[in-house]
$ cat protein.tsv   # TSV, C-alpha atoms
chain	number	residue	atom	x	y	z
A	1	MET	CA	0.00	0.00	0.00
A	2	ALA	CA	2.72	2.42	0.92
A	3	LEU	CA	4.68	1.38	-2.12
A	4	ARG	CA	1.70	2.15	-4.29
A	5	ALA	CA	1.36	5.59	-2.80
A	6	ALA	CA	5.04	6.22	-3.22
A	7	VAL	CA	4.95	5.15	-6.83
A	8	LEU	CA	1.95	7.32	-7.54
A	9	ARG	CA	3.61	10.31	-5.97
A	10	HIS	CA	6.55	9.98	-8.21
A	11	ILE	CA	4.98	9.20	-11.50
A	12	ARG	CA	4.04	12.09	-13.62
A	13	LEU	CA	1.94	11.53	-16.68
A	14	PRO	CA	2.18	13.99	-19.46
A	15	VAL	CA	-1.18	15.57	-20.09
A	16	GLN	CA	-1.95	16.11	-23.70
A	17	THR	CA	-4.53	18.57	-24.74
A	18	LEU	CA	-6.75	17.04	-27.31
A	19	PRO	CA	-7.51	19.02	-30.40
A	20	ALA	CA	-10.57	21.19	-29.94
A	21	ALA	CA	-13.84	19.63	-31.02
A	22	GLY	CA	-14.29	22.33	-33.58
A	23	SER	CA	-11.40	21.04	-35.64
A	24	ARG	CA	-13.31	17.95	-36.59
A	25	PRO	CA	-14.72	18.21	-40.08
A	26	GLN	CA	-18.19	19.66	-39.81
A	27	SER	CA	-19.31	17.81	-42.89
A	28	GLN	CA	-19.93	14.78	-40.73
A	29	LEU	CA	-23.57	15.25	-39.94
A	30	SER	CA	-24.92	13.21	-37.15
A	31	PHE	CA	-27.03	10.46	-38.55
A	32	LEU	CA	-30.51	11.76	-39.15
A	33	ARG	CA	-33.23	9.41	-38.01
A	34	LEU	CA	-35.97	9.48	-40.55
A	35	PHE	CA	-38.33	7.14	-38.73
A	36	SER	CA	-39.92	8.02	-35.40
A	37	SER	CA	-39.42	5.56	-32.59
A	38	HIS	CA	-43.18	5.16	-32.40
A	39	ASP	CA	-43.33	3.77	-35.90
A	40	ASP	CA	-44.19	0.31	-34.69
A	41	HIS	CA	-47.07	1.57	-32.56
A	42	LEU	CA	-50.51	0.66	-33.82
A	43	THR	CA	-52.67	3.20	-35.59
A	44	LYS	CA	-56.04	3.98	-34.07
A	45	GLU	CA	-57.73	2.48	-37.11
A	46	GLU	CA	-55.94	-0.79	-36.67
A	47	VAL	CA	-56.79	-0.90	-32.97
A	48	ILE	CA	-60.47	-0.22	-33.69
A	49	ASP	CA	-60.64	-2.89	-36.39
A	50	ARG	CA	-58.98	-5.55	-34.32
A	51	VAL	CA	-60.99	-4.76	-31.17
A	52	LEU	CA	-64.24	-4.97	-33.13
A	53	ASP	CA	-63.14	-8.27	-34.66
A	54	VAL	CA	-62.46	-9.76	-31.25
A	55	VAL	CA	-65.83	-8.61	-29.93
A	56	LYS	CA	-67.66	-9.82	-33.03
A	57	SER	CA	-66.10	-13.26	-32.76
A	58	PHE	CA	-67.25	-13.65	-29.17
A	59	PRO	CA	-69.79	-16.51	-29.34
A	60	LYS	CA	-72.47	-14.79	-27.29
A	61	VAL	CA	-72.36	-11.62	-29.34
A	62	ASP	CA	-74.48	-10.71	-32.35
A	63	PRO	CA	-71.89	-9.28	-34.77
A	64	SER	CA	-74.39	-6.95	-36.43
A	65	GLN	CA	-74.78	-5.08	-33.16
A	66	VAL	CA	-71.13	-4.33	-32.72
A	67	THR	CA	-70.02	-0.74	-33.22
A	68	PRO	CA	-67.12	1.16	-31.64
A	69	ASP	CA	-69.57	2.67	-29.15
A	70	VAL	CA	-71.25	-0.40	-27.78
A	71	HIS	CA	-71.37	-1.13	-24.09
A	72	PHE	CA	-70.77	-4.83	-23.47
A	73	GLN	CA	-73.43	-5.31	-20.84
A	74	ASN	CA	-75.96	-2.61	-21.64
A	75	ASP	CA	-75.98	-2.96	-25.43
A	76	LEU	CA	-74.77	-6.48	-26.14
A	77	GLY	CA	-76.59	-8.14	-23.27
A	78	LEU	CA	-73.49	-9.72	-21.77
A	79	ASP	CA	-72.89	-10.25	-18.07
A	80	SER	CA	-69.87	-9.29	-16.02
A	81	LEU	CA	-68.27	-12.72	-16.47
A	82	ASP	CA	-68.51	-12.28	-20.24
A	83	ASN	CA	-66.88	-8.92	-19.72
A	84	VAL	CA	-63.92	-10.64	-18.10
A	85	GLU	CA	-63.74	-13.09	-21.00
A	86	ILE	CA	-63.79	-10.36	-23.62
A	87	VAL	CA	-61.04	-8.39	-21.90
A	88	MET	CA	-58.94	-11.55	-21.75
A	89	ALA	CA	-59.55	-12.21	-25.43
A	90	LEU	CA	-58.33	-8.66	-26.11
A	91	GLU	CA	-55.26	-9.36	-23.98
A	92	GLU	CA	-54.43	-12.30	-26.22
A	93	GLU	CA	-55.08	-10.40	-29.43
A	94	PHE	CA	-52.80	-7.51	-28.50
A	95	LYS	CA	-50.32	-9.51	-26.44
A	96	LEU	CA	-50.94	-7.47	-23.32
A	97	GLU	CA	-51.37	-8.23	-19.67
A	98	ILE	CA	-54.06	-5.96	-18.25
A	99	PRO	CA	-54.08	-5.62	-14.45
A	100	ASP	CA	-57.35	-6.37	-12.65
A	101	LYS	CA	-57.91	-2.78	-11.62
A	102	GLU	CA	-57.85	-1.58	-15.23
A	103	ALA	CA	-59.67	-4.61	-16.58
A	104	ASP	CA	-62.63	-3.99	-14.29
A	105	LYS	CA	-63.08	-0.54	-15.84
A	106	ILE	CA	-63.20	-1.76	-19.44
A	107	ASP	CA	-66.86	-2.38	-20.09
A	108	SER	CA	-67.35	-0.95	-23.57
A	109	CYS	CA	-65.65	-0.97	-26.97
A	110	ASN	CA	-64.75	2.70	-26.48
A	111	LEU	CA	-62.85	2.08	-23.31
A	112	ALA	CA	-61.16	-1.00	-24.75
A	113	ILE	CA	-60.00	0.94	-27.81
A	114	GLU	CA	-58.76	3.85	-25.68
A	115	TYR	CA	-56.87	1.62	-23.29
A	116	ILE	CA	-55.21	-0.45	-25.99
A	117	TYR	CA	-54.36	2.50	-28.18
A	118	ASN	CA	-52.70	4.25	-25.27
A	119	HIS	CA	-50.81	1.18	-24.14
A	120	PRO	CA	-47.15	1.43	-25.24
A	121	LEU	CA	-46.74	-2.33	-25.56
A	122	ALA	CA	-49.81	-3.13	-27.64
A	123	GLY	CA	-48.76	-5.43	-30.46
B	124	MET	CA	-74.32	-11.81	-11.63
B	125	ALA	CA	-77.04	-9.68	-13.18
B	126	ALA	CA	-75.91	-7.01	-15.61
B	127	SER	CA	-75.81	-3.76	-13.71
B	128	LYS	CA	-76.26	-0.47	-15.48
B	129	GLY	CA	-73.59	1.93	-14.32
B	130	GLN	CA	-71.26	-0.83	-13.26
B	131	LYS	CA	-70.27	0.07	-9.71
B	132	LEU	CA	-68.80	-3.21	-8.58
B	133	SER	CA	-68.94	-4.10	-4.90
B	134	GLY	CA	-65.81	-5.41	-3.21
B	135	MET	CA	-67.26	-8.89	-3.26
B	136	GLN	CA	-68.14	-8.72	-6.94
B	137	LYS	CA	-64.60	-7.64	-7.70
B	138	GLN	CA	-63.26	-10.63	-5.81
B	139	VAL	CA	-65.48	-12.97	-7.76
B	140	LEU	CA	-64.40	-11.47	-11.08
B	141	SER	CA	-60.79	-11.57	-9.96
B	142	LEU	CA	-61.12	-15.26	-9.15
B	143	TYR	CA	-62.78	-15.93	-12.49
B	144	ARG	CA	-59.97	-14.11	-14.25
B	145	GLY	CA	-57.46	-16.15	-12.26
B	146	PHE	CA	-59.01	-19.37	-13.49
B	147	LEU	CA	-58.98	-18.23	-17.10
B	148	ARG	CA	-55.35	-17.17	-16.82
B	149	ALA	CA	-54.38	-20.51	-15.26
B	150	ALA	CA	-56.23	-22.31	-18.05
B	151	ARG	CA	-54.03	-20.57	-20.64
B	152	SER	CA	-51.00	-22.45	-19.41
B	153	LYS	CA	-52.58	-25.85	-19.93
B	154	PRO	CA	-52.77	-27.83	-23.18
B	155	ALA	CA	-55.50	-26.74	-25.59
B	156	GLU	CA	-57.98	-29.53	-24.94
B	157	GLU	CA	-57.72	-29.19	-21.15
B	158	ARG	CA	-57.92	-25.42	-21.48
B	159	ARG	CA	-61.27	-25.65	-23.24
B	160	GLN	CA	-62.58	-28.04	-20.64
B	161	ILE	CA	-61.44	-25.88	-17.73
B	162	GLU	CA	-63.02	-22.82	-19.27
B	163	SER	CA	-66.30	-24.57	-19.87
B	164	ILE	CA	-66.53	-26.05	-16.37
B	165	VAL	CA	-65.47	-22.88	-14.57
B	166	SER	CA	-67.78	-20.76	-16.69
B	167	ALA	CA	-70.75	-23.04	-16.02
B	168	GLU	CA	-70.08	-23.17	-12.30
B	169	PHE	CA	-69.70	-19.42	-11.87
B	170	ARG	CA	-72.86	-18.77	-13.83
B	171	GLN	CA	-74.86	-21.37	-12.00
B	172	ASN	CA	-73.79	-19.91	-8.67
B	173	SER	CA	-74.63	-16.42	-9.81
B	174	LYS	CA	-78.16	-17.55	-10.54
B	175	GLN	CA	-78.71	-19.77	-7.53
B	176	VAL	CA	-76.90	-17.99	-4.74
B	177	ASP	CA	-78.59	-15.03	-3.11
B	178	ARG	CA	-76.29	-12.06	-3.57
B	179	LYS	CA	-76.86	-11.11	0.05
B	180	ASN	CA	-75.70	-14.47	1.32
B	181	PHE	CA	-72.26	-13.08	2.11
B	182	LEU	CA	-71.23	-16.01	4.26
B	183	TYR	CA	-71.82	-18.57	1.54
B	184	ILE	CA	-70.23	-16.40	-1.13
B	185	GLU	CA	-67.17	-15.95	1.02
B	186	TYR	CA	-67.04	-19.71	1.48
B	187	LEU	CA	-67.23	-20.22	-2.27
B	188	LEU	CA	-64.49	-17.65	-2.81
B	189	ARG	CA	-62.20	-19.40	-0.30
B	190	ARG	CA	-62.88	-22.77	-1.86
B	191	GLY	CA	-62.37	-21.36	-5.33
B	192	LYS	CA	-59.02	-19.85	-4.36
B	193	LYS	CA	-57.81	-23.20	-3.05
B	194	GLN	CA	-58.92	-24.93	-6.23
B	195	LEU	CA	-57.21	-22.27	-8.28
B	196	ASP	CA	-53.96	-22.76	-6.40
B	197	GLN	CA	-54.12	-26.46	-7.15
B	198	LEU	CA	-54.88	-25.77	-10.78
B	199	LYS	CA	-51.89	-23.47	-11.11
B	200	SER	CA	-49.50	-26.27	-10.20
B	201	PRO	CA	-47.80	-27.55	-13.37
B	202	ASP	CA	-48.57	-31.10	-12.28
B	203	THR	CA	-52.27	-30.49	-12.59
B	204	ILE	CA	-53.40	-30.91	-16.15
B	205	GLY	CA	-57.11	-30.41	-15.85
B	206	LEU	CA	-60.25	-30.64	-13.81
B	207	SER	CA	-63.57	-32.35	-14.06
B	208	SER	CA	-66.78	-31.94	-12.20
B	209	VAL	CA	-69.36	-34.35	-10.91
B	210	ASN	CA	-72.98	-33.40	-10.78
B	211	VAL	CA	-74.68	-34.49	-7.61
B	212	SER	CA	-78.37	-33.99	-7.76
B	213	SER	CA	-79.81	-33.43	-4.33
B	214	SER	CA	-83.34	-34.19	-5.38
B	215	LYS	CA	-82.72	-37.79	-6.42
B	216	LYS	CA	-82.75	-40.49	-3.82
B	217	GLN	CA	-80.22	-43.25	-4.37
B	218	ASN	CA	-81.55	-46.74	-4.58
B	219	ALA	CA	-80.09	-49.08	-2.00
B	220	ASP	CA	-80.22	-52.15	-4.21
B	221	THR	CA	-77.08	-52.03	-6.36

$ encode --input "protein.tsv" --output "C-alpha cells"
Amino acid sequence: MALRAAVLRHIRLPVQTLPAAGSRPQSQLSFLRLFSSHDDHLTKEEVIDRVLDVVKSFPKVDPSQVTPDVHFQNDLGLDSLDNVEIVMALEEEFKLEIPDKEADKIDSCNLAIEYIYNHPLAG
Amino acid sequence: MAASKGQKLSGMQKQVLSLYRGFLRAARSKPAEERRQIESIVSAEFRQNSKQVDRKNFLYIEYLLRRGKKQLDQLKSPDTIGLSSVNVSSSKKQNADT
C-alpha cells in the first residue's frame, strides 16, 4: 500500500490537450433518423378494427350489433363474467397483460380501444 | 351476476371477477384440450352460482371464494393438467339395491 502511494507520488503523466472539437470536419452530420421511434405503434384504425373483430367473434355476441360505441353489458346483453372473458380475449389479441384494476373498468368498446391505443406495448 | 347499469362493482363482486380471471389465466398455461374443458366447467359453475346464490348471502359467497381460491392454487400447479366436475343432484334419492 505504501509502495503504491510512493509510486503514484513519483509518477508524472504527461497531459496532452486534445484538439478542440471544432477542428473535426463539420461535414460529418450526425445520422438523421428518418423514422420516429413510435413507428411500430398501432394506428387507431388498426386498434379499432382488431378490437371490433375480437368482440364480433365472441360466441355470445351478435356481430351486427357491434359498433365502436357499444357497451358490453348494456348494449350487447353480456354479463360481467362475459366482460372478463372479452377483456382476456383482447389481452391475447394484442399480447398485453391488463391488471385487474384496469380490466374492471373496461366495459365498452370505447374504453377497450382507448386503453389499448394508449398502451405502449400493444402489439 | 345480473348485468348492472352503471357498473359500480362491490368489493365482493370484484373478488369474484378476480377469481374468475385467475381461473382463465391458469387455463391458458394448460394444453389446448384441457384449457377448453377448464373454461367450460369454470364458466358453467360461476354462472350457476350467480343464478342460484342469493347475492346477500355473504357467508356462503365468502365460502365459495375461499374454496375457489384453493382450487385455483391447485390448478396453477404444473402437475395439474385439468379438472372435471361431478354433478350431484340433491333431489334424487339413491336406490339401496345395487

$ closest_residue --input "protein.tsv" --among "A:Arg50, A:Asp40, A:Leu121, A:Val61" --to "A:Lys95" --atoms "all atoms listed in the file"
A:Leu121

$ residues_around --input "protein.tsv" --residues "B:Asp196" --least-positions-apart "6" --cutoff "12 Å" --atoms "all atoms listed in the file" --output "MDAnalysis selection string"
chainID B and resid 142 145:146 148:150 189:190 202:203

$ interface_residues --input "protein.tsv" --of "chain B" --to "chain A" --cutoff "12 Å" --atoms "all atoms listed in the file" --output "JSON, numbers by chain"
{"B": [124, 125, 126, 127, 128, 129, 130, 131, 132, 133, 134, 136, 137, 138, 139, 140, 141, 142, 143, 144, 145, 146, 147, 148, 149, 150, 151, 162, 163, 165, 166, 167, 168, 169, 170, 171, 172, 173, 174]}

$ axis_aligned_box --input "protein.tsv" --around "stretch 167-182 of chain B" --padding-each-side "4 Å" --output "JSON"
{"center_x": -74.2, "center_y": -17.1, "center_z": -5.9, "size_x": 17.0, "size_y": 20.1, "size_z": 28.3}

$ atom_distance --input "protein.tsv" --atom1 "atom CA of A:Val66" --atom2 "atom CA of A:Tyr115"
18.1 Å

$ closest_residue --input "protein.tsv" --among "B:Gln175, B:Val211, B:Ser152, B:Ile184" --to "B:Leu198" --atoms "all atoms listed in the file"
B:Ser152

$ residues_around --input "protein.tsv" --residues "A:Thr67" --least-positions-apart "4" --cutoff "12 Å" --atoms "all atoms listed in the file" --output "mmCIF file with C-alpha atoms, in the frame of the given file"
data_model
loop_
_atom_site.group_PDB
_atom_site.id
_atom_site.type_symbol
_atom_site.label_atom_id
_atom_site.label_comp_id
_atom_site.auth_asym_id
_atom_site.auth_seq_id
_atom_site.Cartn_x
_atom_site.Cartn_y
_atom_site.Cartn_z
ATOM 1 C CA ILE A 48 -60.470 -0.220 -33.690
ATOM 2 C CA ASP A 49 -60.640 -2.890 -36.390
ATOM 3 C CA VAL A 51 -60.990 -4.760 -31.170
ATOM 4 C CA LEU A 52 -64.240 -4.970 -33.130
ATOM 5 C CA ASP A 53 -63.140 -8.270 -34.660
ATOM 6 C CA VAL A 54 -62.460 -9.760 -31.250
ATOM 7 C CA VAL A 55 -65.830 -8.610 -29.930
ATOM 8 C CA LYS A 56 -67.660 -9.820 -33.030
ATOM 9 C CA VAL A 61 -72.360 -11.620 -29.340
ATOM 10 C CA ASP A 62 -74.480 -10.710 -32.350
ATOM 11 C CA PRO A 63 -71.890 -9.280 -34.770
ATOM 12 C CA HIS A 71 -71.370 -1.130 -24.090
ATOM 13 C CA PHE A 72 -70.770 -4.830 -23.470
ATOM 14 C CA ASP A 75 -75.980 -2.960 -25.430
ATOM 15 C CA LEU A 76 -74.770 -6.480 -26.140
ATOM 16 C CA SER A 108 -67.350 -0.950 -23.570
ATOM 17 C CA CYS A 109 -65.650 -0.970 -26.970
ATOM 18 C CA ASN A 110 -64.750 2.700 -26.480
ATOM 19 C CA ILE A 113 -60.000 0.940 -27.810
#

$ atom_distance --input "protein.tsv" --atom1 "atom CA of B:Leu188" --atom2 "atom CA of B:Ser200"
18.8 Å

$ atom_distance --input "protein.tsv" --atom1 "atom CA of B:Gln160" --atom2 "atom CA of B:Leu206"
7.7 Å

$ build_atoms --input "protein.tsv" --residues "stretch 73-97 of chain A" --atoms "N, CA and C atoms" --output "short mmCIF file (atom, residue, chain, number, x, y, z; two decimals), in the coordinates of the input"
data_model
loop_
_atom_site.label_atom_id
_atom_site.label_comp_id
_atom_site.auth_asym_id
_atom_site.auth_seq_id
_atom_site.Cartn_x
_atom_site.Cartn_y
_atom_site.Cartn_z
N GLN A 73 -72.30 -4.77 -21.59
CA GLN A 73 -73.43 -5.31 -20.84
C GLN A 73 -74.74 -4.63 -21.21
N ASN A 74 -74.71 -3.31 -21.36
CA ASN A 74 -75.96 -2.61 -21.64
C ASN A 74 -76.47 -2.85 -23.06
N ASP A 75 -75.53 -2.86 -24.04
CA ASP A 75 -75.98 -2.96 -25.43
C ASP A 75 -75.93 -4.38 -25.99
N LEU A 76 -74.93 -5.15 -25.55
CA LEU A 76 -74.77 -6.48 -26.14
C LEU A 76 -75.36 -7.57 -25.25
N GLY A 77 -75.93 -7.18 -24.13
CA GLY A 77 -76.59 -8.14 -23.27
C GLY A 77 -75.68 -9.15 -22.61
N LEU A 78 -74.41 -8.79 -22.42
CA LEU A 78 -73.49 -9.72 -21.77
C LEU A 78 -73.51 -9.50 -20.26
N ASP A 79 -72.98 -10.47 -19.51
CA ASP A 79 -72.89 -10.25 -18.07
C ASP A 79 -71.43 -9.97 -17.70
N SER A 80 -71.21 -9.72 -16.41
CA SER A 80 -69.87 -9.29 -16.02
C SER A 80 -68.81 -10.37 -16.23
N LEU A 81 -69.24 -11.64 -16.20
CA LEU A 81 -68.27 -12.72 -16.47
C LEU A 81 -67.86 -12.69 -17.94
N ASP A 82 -68.83 -12.41 -18.82
CA ASP A 82 -68.51 -12.28 -20.24
C ASP A 82 -67.54 -11.12 -20.45
N ASN A 83 -67.76 -10.06 -19.66
CA ASN A 83 -66.88 -8.92 -19.72
C ASN A 83 -65.43 -9.34 -19.47
N VAL A 84 -65.26 -10.14 -18.43
CA VAL A 84 -63.92 -10.64 -18.10
C VAL A 84 -63.36 -11.43 -19.28
N GLU A 85 -64.21 -12.26 -19.88
CA GLU A 85 -63.74 -13.09 -21.00
C GLU A 85 -63.34 -12.25 -22.20
N ILE A 86 -64.12 -11.21 -22.47
CA ILE A 86 -63.79 -10.36 -23.62
C ILE A 86 -62.47 -9.65 -23.39
N VAL A 87 -62.29 -9.10 -22.18
CA VAL A 87 -61.04 -8.39 -21.90
C VAL A 87 -59.86 -9.34 -22.03
N MET A 88 -60.04 -10.59 -21.62
CA MET A 88 -58.94 -11.55 -21.75
C MET A 88 -58.68 -11.89 -23.21
N ALA A 89 -59.74 -11.95 -24.01
CA ALA A 89 -59.55 -12.21 -25.43
C ALA A 89 -58.78 -11.05 -26.07
N LEU A 90 -59.06 -9.82 -25.61
CA LEU A 90 -58.33 -8.66 -26.11
C LEU A 90 -56.87 -8.72 -25.68
N GLU A 91 -56.65 -9.20 -24.45
CA GLU A 91 -55.26 -9.36 -23.98
C GLU A 91 -54.50 -10.25 -24.93
N GLU A 92 -55.13 -11.35 -25.34
CA GLU A 92 -54.43 -12.30 -26.22
C GLU A 92 -54.22 -11.72 -27.60
N GLU A 93 -55.20 -10.98 -28.10
CA GLU A 93 -55.08 -10.40 -29.43
C GLU A 93 -53.93 -9.40 -29.50
N PHE A 94 -53.81 -8.57 -28.46
CA PHE A 94 -52.80 -7.51 -28.50
C PHE A 94 -51.57 -7.83 -27.67
N LYS A 95 -51.48 -9.06 -27.21
CA LYS A 95 -50.32 -9.51 -26.44
C LYS A 95 -50.04 -8.60 -25.24
N LEU A 96 -51.10 -8.31 -24.49
CA LEU A 96 -50.94 -7.47 -23.32
C LEU A 96 -51.30 -8.25 -22.07
N GLU A 97 -50.87 -7.71 -20.93
CA GLU A 97 -51.37 -8.23 -19.67
C GLU A 97 -52.02 -7.06 -18.97
#
